[in-house]
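Report on one structure; see the data block that follows.
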Amino acid sequence: MTDVFSPLPEGWTETRLDRIATVNARIGWKALTSAEYQPDGYAFLATPNIKNSEINFTNVNYISEFRYHESPELQLQIGDVLLAKDGNTLGIVNIVRHLPRAATVNGSIAVLRSFGMEPRFLRYVIQSSFIQGHINSVKDGMGVPHLFQRDIKRFPLPEPPIEEQRRIAGFLDAEVGRIDHLVAKKHQLIELLNERINSRVLGHVGASTLACKNGAPATPIRRILEKVVRPPKAGEDTITAYRDGQVAARSARRAEGYTLSASTEPQGQHVEFGDVVVHGLDGFAGAVGTSESRGNCSPVYHVCVPRGDNDAQFIGRLLRLLALQGYLGNFATSTRERAVDFRNWDLFGRIPIPVVPLSEQREIGNWISRIPPLREVIQRSVALAAERRQALITAAVTGQFDVSTASGRNVTEGVSA
């Protein structure tokens with residue numbers, strides 16, 4: 001074996017994953033289909049369940065006792081290291097620190113069960129830049145990236161003495177936990193602001209005739225919004241309405257979180273900054289909001305401007321919340337591809353919504369307009385924290401500093417709430 005980690009500290013050696021752990025994963029699905037999922041039973045973890053700092057055992061699918069016992073090597077135990085080996089989450093790794101219920105994993109996750117290395121140390125080694133880079137170099141698959149078990153078993157690993165492994169793992173548990181806590185607090189700022197906004201908007205819904213007989217008046221959407229159809233502009237980015245309510249250039253976001261249109265003309269109309277945009281098929285799932293960018297979007301969208309002095313930010317949020325509450329879906333006459341079909345503007349425009357005083361709209365709209373710049377600042381800060389987190393893990397597991405005397409401040413300095 002070559003000294004890929006050279007130079008390692010005195011007393012450290014280099015090993016391979018299959019020399020310190022077993023590697024098991026599902027070979028196919030053994031004819032298991034989603035139709036077999038149950039309301040309760042044995043937790044069946046998928047990659048979204050292992051993406052965050054703690055494994056999510058709540059929002060999971062469940063399988064029968066027979067299916068659970070069908071693959072005993074995948075029945076999870078405390079200390080198992082879980083590695084995503086397929087798809088765009090490939091390389092994500094987590095560790096089973098507790099088992100609130102009996103659980104197993106689907107075919108996208110490999111179970112690494114250590115018999116010769118501190119499991120927490122193994123988890124951090126796989127998270128390090130070195131192993132993540134190694135994963136990128138050996139992954140296979142033209143469309144969906146994939147790690148073969150034979151390649152996982154050959155992962156090169158540094159191997160300090162077991163007591164040093166435990167010291168490093170304890171150090172990283174504390175320092176990485178501190179960084180993750182700060183990142184969570186930053187995300188919470190956005191969540192709290194959105195909760196405050198949503199509560200105030202829904203208060204107007206509850207005080208209207210939509211909820212009570214003698215409430216404030218309601219009016220059809222078409223009296224508040226005017227649908228516009230502008231020709232697309234060459235060279236502009238694609239605008240997408242995401243299910244989390246953000247309407248933005250797709251290049252600034254990601255490749256999931258929205259529904260693709262079946263249209264053969266995907267760049268069918270122009271969107272201006274501040275337009276209210278509603279996905280004609282996916283709006284029921286929250287793909288409604290006020291655009292943060294200029295660009296072109298599919299004809300499946302309704303692109304609208306407020307009539308009179310109505311506030312675009314407020315109206316976009318109001319429609320999104322009415323969609324998520326299931327209210328808008330009550331007016332649909334058909335469904336398509338499991339989505340409520342509101343491509344017909346005449347149908348959509350007749351839906352009544354609360355009439356809210358303009359001064360109130362503007363005040364709430366001003367709150368909403370603060371979110372994009374705040375989100376941008378937080379995203380930059382979180383990206384910096386992630387870089388420093390990765391650098392800290394890599395330095396610790398390759399012995400670049402002595403964790404017994406280090407505090408982590410040289411790597412994480414400047415990461416604050």
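Within each chain, counting starts at residue 1; across the structure tokens, chains are named A, B, ... in the order shown, with ligands numbered 1 upward in that order.
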Quiz item: Hey, what does DSSP flag as strand (DSSP E) within region 88-263 of chain A? Can you give it to me as a ChimeraX atom specification?
Solution: /A:93-95,103-105,109-114,156-159,218-220,225-228,239-241,247-249
Just-selected residues, N, CA, C and O atoms written as a tab-separated table (two decimals), in the first residue's frame:
```tsv
chain	number	residue	atom	x	y	z
A	93	VAL	N	-22.38	11.12	4.75
A	93	VAL	CA	-22.10	10.08	5.74
A	93	VAL	C	-22.65	10.52	7.09
A	93	VAL	O	-22.65	11.71	7.42
A	94	ASN	N	-23.14	9.56	7.86
A	94	ASN	CA	-23.65	9.84	9.19
A	94	ASN	C	-23.39	8.62	10.06
A	94	ASN	O	-22.94	7.58	9.57
A	95	ILE	N	-23.68	8.75	11.34
A	95	ILE	CA	-23.45	7.66	12.28
A	95	ILE	C	-24.68	7.45	13.14
A	95	ILE	O	-25.36	8.41	13.52
A	103	ALA	N	-34.55	-0.30	12.79
A	103	ALA	CA	-34.44	0.37	11.50
A	103	ALA	C	-33.49	-0.37	10.58
A	103	ALA	O	-32.60	-1.09	11.01
A	104	THR	N	-33.67	-0.14	9.29
A	104	THR	CA	-32.78	-0.64	8.25
A	104	THR	C	-32.66	0.45	7.19
A	104	THR	O	-33.13	1.57	7.41
A	105	VAL	N	-32.00	0.15	6.06
A	105	VAL	CA	-31.75	1.18	5.05
A	105	VAL	C	-32.18	0.70	3.68
A	105	VAL	O	-32.27	-0.51	3.42
A	109	ILE	N	-27.97	3.31	0.46
A	109	ILE	CA	-27.10	3.52	1.64
A	109	ILE	C	-26.32	2.25	1.94
A	109	ILE	O	-26.88	1.15	1.98
A	110	ALA	N	-25.02	2.41	2.15
A	110	ALA	CA	-24.16	1.32	2.60
A	110	ALA	C	-23.99	1.41	4.12
A	110	ALA	O	-23.84	2.51	4.66
A	111	VAL	N	-23.99	0.26	4.78
A	111	VAL	CA	-23.80	0.20	6.23
A	111	VAL	C	-22.37	-0.26	6.51
A	111	VAL	O	-21.97	-1.37	6.13
A	112	LEU	N	-21.59	0.60	7.15
A	112	LEU	CA	-20.21	0.29	7.51
A	112	LEU	C	-20.19	0.00	9.01
A	112	LEU	O	-20.49	0.88	9.83
A	113	ARG	N	-19.83	-1.21	9.38
A	113	ARG	CA	-19.84	-1.63	10.78
A	113	ARG	C	-18.41	-1.90	11.21
A	113	ARG	O	-17.79	-2.89	10.81
A	114	SER	N	-17.89	-1.03	12.03
A	114	SER	CA	-16.48	-1.11	12.40
A	114	SER	C	-16.22	-2.24	13.40
A	114	SER	O	-16.99	-2.45	14.33
A	156	PRO	N	-8.76	4.11	1.31
A	156	PRO	CA	-7.58	4.21	2.17
A	156	PRO	C	-7.89	5.07	3.39
A	156	PRO	O	-8.57	6.10	3.28
A	157	LEU	N	-7.43	4.64	4.56
A	157	LEU	CA	-7.73	5.34	5.80
A	157	LEU	C	-6.48	5.52	6.64
A	157	LEU	O	-5.65	4.61	6.73
A	158	PRO	N	-6.34	6.68	7.29
A	158	PRO	CA	-5.29	6.81	8.31
A	158	PRO	C	-5.72	6.07	9.57
A	158	PRO	O	-6.92	6.01	9.88
A	159	GLU	N	-4.77	5.50	10.28
A	159	GLU	CA	-5.12	4.73	11.47
A	159	GLU	C	-4.20	5.09	12.63
A	159	GLU	O	-3.13	4.48	12.83
A	218	ALA	N	-64.04	39.70	0.47
A	218	ALA	CA	-63.13	38.99	-0.44
A	218	ALA	C	-63.44	39.43	-1.85
A	218	ALA	O	-64.53	39.95	-2.14
A	219	THR	N	-62.47	39.22	-2.75
A	219	THR	CA	-62.65	39.61	-4.14
A	219	THR	C	-61.91	38.63	-5.03
A	219	THR	O	-60.94	38.00	-4.58
A	220	PRO	N	-62.32	38.43	-6.28
A	220	PRO	CA	-61.61	37.50	-7.16
A	220	PRO	C	-60.16	37.93	-7.41
A	220	PRO	O	-59.85	39.12	-7.44
A	225	LEU	N	-54.85	41.02	-9.36
A	225	LEU	CA	-53.71	40.75	-10.24
A	225	LEU	C	-54.15	40.78	-11.70
A	225	LEU	O	-55.24	40.30	-12.04
A	226	GLU	N	-53.27	41.29	-12.52
A	226	GLU	CA	-53.48	41.26	-13.97
A	226	GLU	C	-52.45	40.32	-14.60
A	226	GLU	O	-51.24	40.47	-14.38
A	227	LYS	N	-52.93	39.35	-15.35
A	227	LYS	CA	-52.02	38.42	-16.03
A	227	LYS	C	-51.39	39.13	-17.22
A	227	LYS	O	-52.08	39.81	-18.00
A	228	VAL	N	-50.06	38.97	-17.38
A	228	VAL	CA	-49.34	39.55	-18.51
A	228	VAL	C	-48.61	38.44	-19.25
A	228	VAL	O	-48.22	37.43	-18.65
A	239	ILE	N	-36.27	31.39	-15.18
A	239	ILE	CA	-36.89	31.69	-13.90
A	239	ILE	C	-37.75	30.51	-13.48
A	239	ILE	O	-38.53	29.98	-14.27
A	240	THR	N	-37.62	30.11	-12.21
A	240	THR	CA	-38.35	28.97	-11.69
A	240	THR	C	-39.04	29.35	-10.39
A	240	THR	O	-38.45	30.04	-9.55
A	241	ALA	N	-40.28	28.90	-10.22
A	241	ALA	CA	-40.99	29.03	-8.95
A	241	ALA	C	-40.77	27.75	-8.16
A	241	ALA	O	-41.23	26.67	-8.58
A	247	VAL	N	-39.01	32.54	-5.99
A	247	VAL	CA	-39.05	32.62	-7.45
A	247	VAL	C	-37.77	33.29	-7.89
A	247	VAL	O	-37.56	34.47	-7.61
A	248	ALA	N	-36.89	32.55	-8.54
A	248	ALA	CA	-35.56	33.06	-8.82
A	248	ALA	C	-34.97	32.39	-10.05
A	248	ALA	O	-35.51	31.40	-10.56
A	249	ALA	N	-33.84	32.93	-10.52
A	249	ALA	CA	-33.11	32.32	-11.62
A	249	ALA	C	-32.66	30.92	-11.19
A	249	ALA	O	-32.11	30.74	-10.10
```
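By only C-alpha atoms, and with residues fewer than 5 positions from Phe314 (chain A) along its chain excluded, the set lying at most 7 Å from it is Gln361, Ile364 and Gly365 of chain A.
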Practice problem: Identify, with DSSP run on backbone atoms, the residues in region 229-314 of chain A assigned to helix (DSSP H, G or I), and express the list as a list in words. | Solution: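 Checking each residue of region 229-314 of chain A, the helix (DSSP H, G or I) ones are Arg250, Ser251, Ala252, Gly283, Phe284, Ala285, Ala312, Gln313 and Phe314 of chain A.
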Using only C-alpha atoms, which residues sit within 10 Å of Pro48 (chain A) once same-chain residues fewer than 6 positions away are excluded, as a CSV table (one decimal) with N, CA and C atoms, in the first residue's frame?
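The result, written out as part04.csv:
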```csv
chain,number,residue,atom,x,y,z
A,55,ILE,N,-29.5,11.8,12.4
A,55,ILE,CA,-30.3,11.0,11.6
A,55,ILE,C,-31.8,11.2,11.9
A,56,ASN,N,-32.6,11.4,10.9
A,56,ASN,CA,-34.1,11.6,11.1
A,56,ASN,C,-34.8,10.2,11.0
A,59,ASN,N,-39.5,11.1,9.9
A,59,ASN,CA,-40.1,11.3,8.5
A,59,ASN,C,-39.5,10.2,7.6
A,60,VAL,N,-40.0,8.9,7.9
A,60,VAL,CA,-39.4,7.8,7.2
A,60,VAL,C,-40.5,6.9,6.6
A,84,ALA,N,-24.1,7.3,1.9
A,84,ALA,CA,-24.9,7.4,0.7
A,84,ALA,C,-24.0,7.0,-0.5
A,89,THR,N,-26.7,12.7,-3.7
A,89,THR,CA,-26.3,12.8,-2.3
A,89,THR,C,-25.1,11.9,-2.0
A,92,ILE,N,-22.5,11.5,1.2
A,92,ILE,CA,-23.0,11.9,2.5
A,92,ILE,C,-22.8,10.8,3.5
```
Quiz item: In Å, how far is it from CA of Ser293 (chain A) to CA of Phe273 (chain A)?
Solution: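 Here the two named atoms are 5.0 Å from each other.
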Self-check item: Nearby residues (only C-alpha atoms) at most 10 Å from region 194-211 of chain A, same-chain spacing under 2 positions excluded, as a PyMOL selection string
Solution: chain A and resi 188-192+213-219+314-315+317-318+320-322+325+327+352-357+360-361+364-365+367-368+371
Exercise. Pick out the residues sitting within 6 Å of region 124-126 of chain A, and hand them over as an NGL selection string; count only C-alpha atoms, and ignore anything fewer than 3 positions along from it in its own chain.
Key: :A and (121 or 131 or 397)
Self-check item: Residue among A:His181, A:Lys85, A:Arg253, A:His69 lying closest to Asp140 (chain A), counting only C-alpha atoms
Solution: A:Lys85
Quiz item: What's the 12 Å shell around region 284-288 of chain A, counting only C-alpha atoms, without same-chain residues fewer than 2 positions away, as a ChimeraX atom specification?
Solution: /A:239-248,257-260,275-282,290-291,300-304,312-332,335-336,338-343,348
Practice problem: For each of A:Gly11, A:Pro306, A:Pro373, A:Gly235, take the minimum atom-to-atom distance to Glu163 (chain A), counting only C-alpha atoms, then give the residue where this is smallest. | Solution: A:Gly11
Quiz item: With only C-alpha atoms as the basis for distance, which of A:Arg388, A:Arg250, A:Lys51, A:Arg167 is at the shortest distance from Ser128 (chain A)?
Solution: A:Arg388
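Counting only C-alpha atoms and comparing A:Leu122, A:Leu90, A:Leu99, A:Ala35, the residue that lies closest to Arg16 (chain A) is A:Leu122.
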Quiz item: Quick one: distance from CA of Arg123 (chain A) to CA of Ser71 (chain A) in Å, one decimal?
Solution: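 Straight-line distance from CA of Arg123 (chain A) to CA of Ser71 (chain A) works out to 23.0 Å.
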Practice problem: Can you work out the spacing between CA of His270 (chain A) and CA of Val229 (chain A) in Å, to one decimal? | Solution: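 According to the coordinates, CA of His270 (chain A) and CA of Val229 (chain A) are separated by 7.3 Å.
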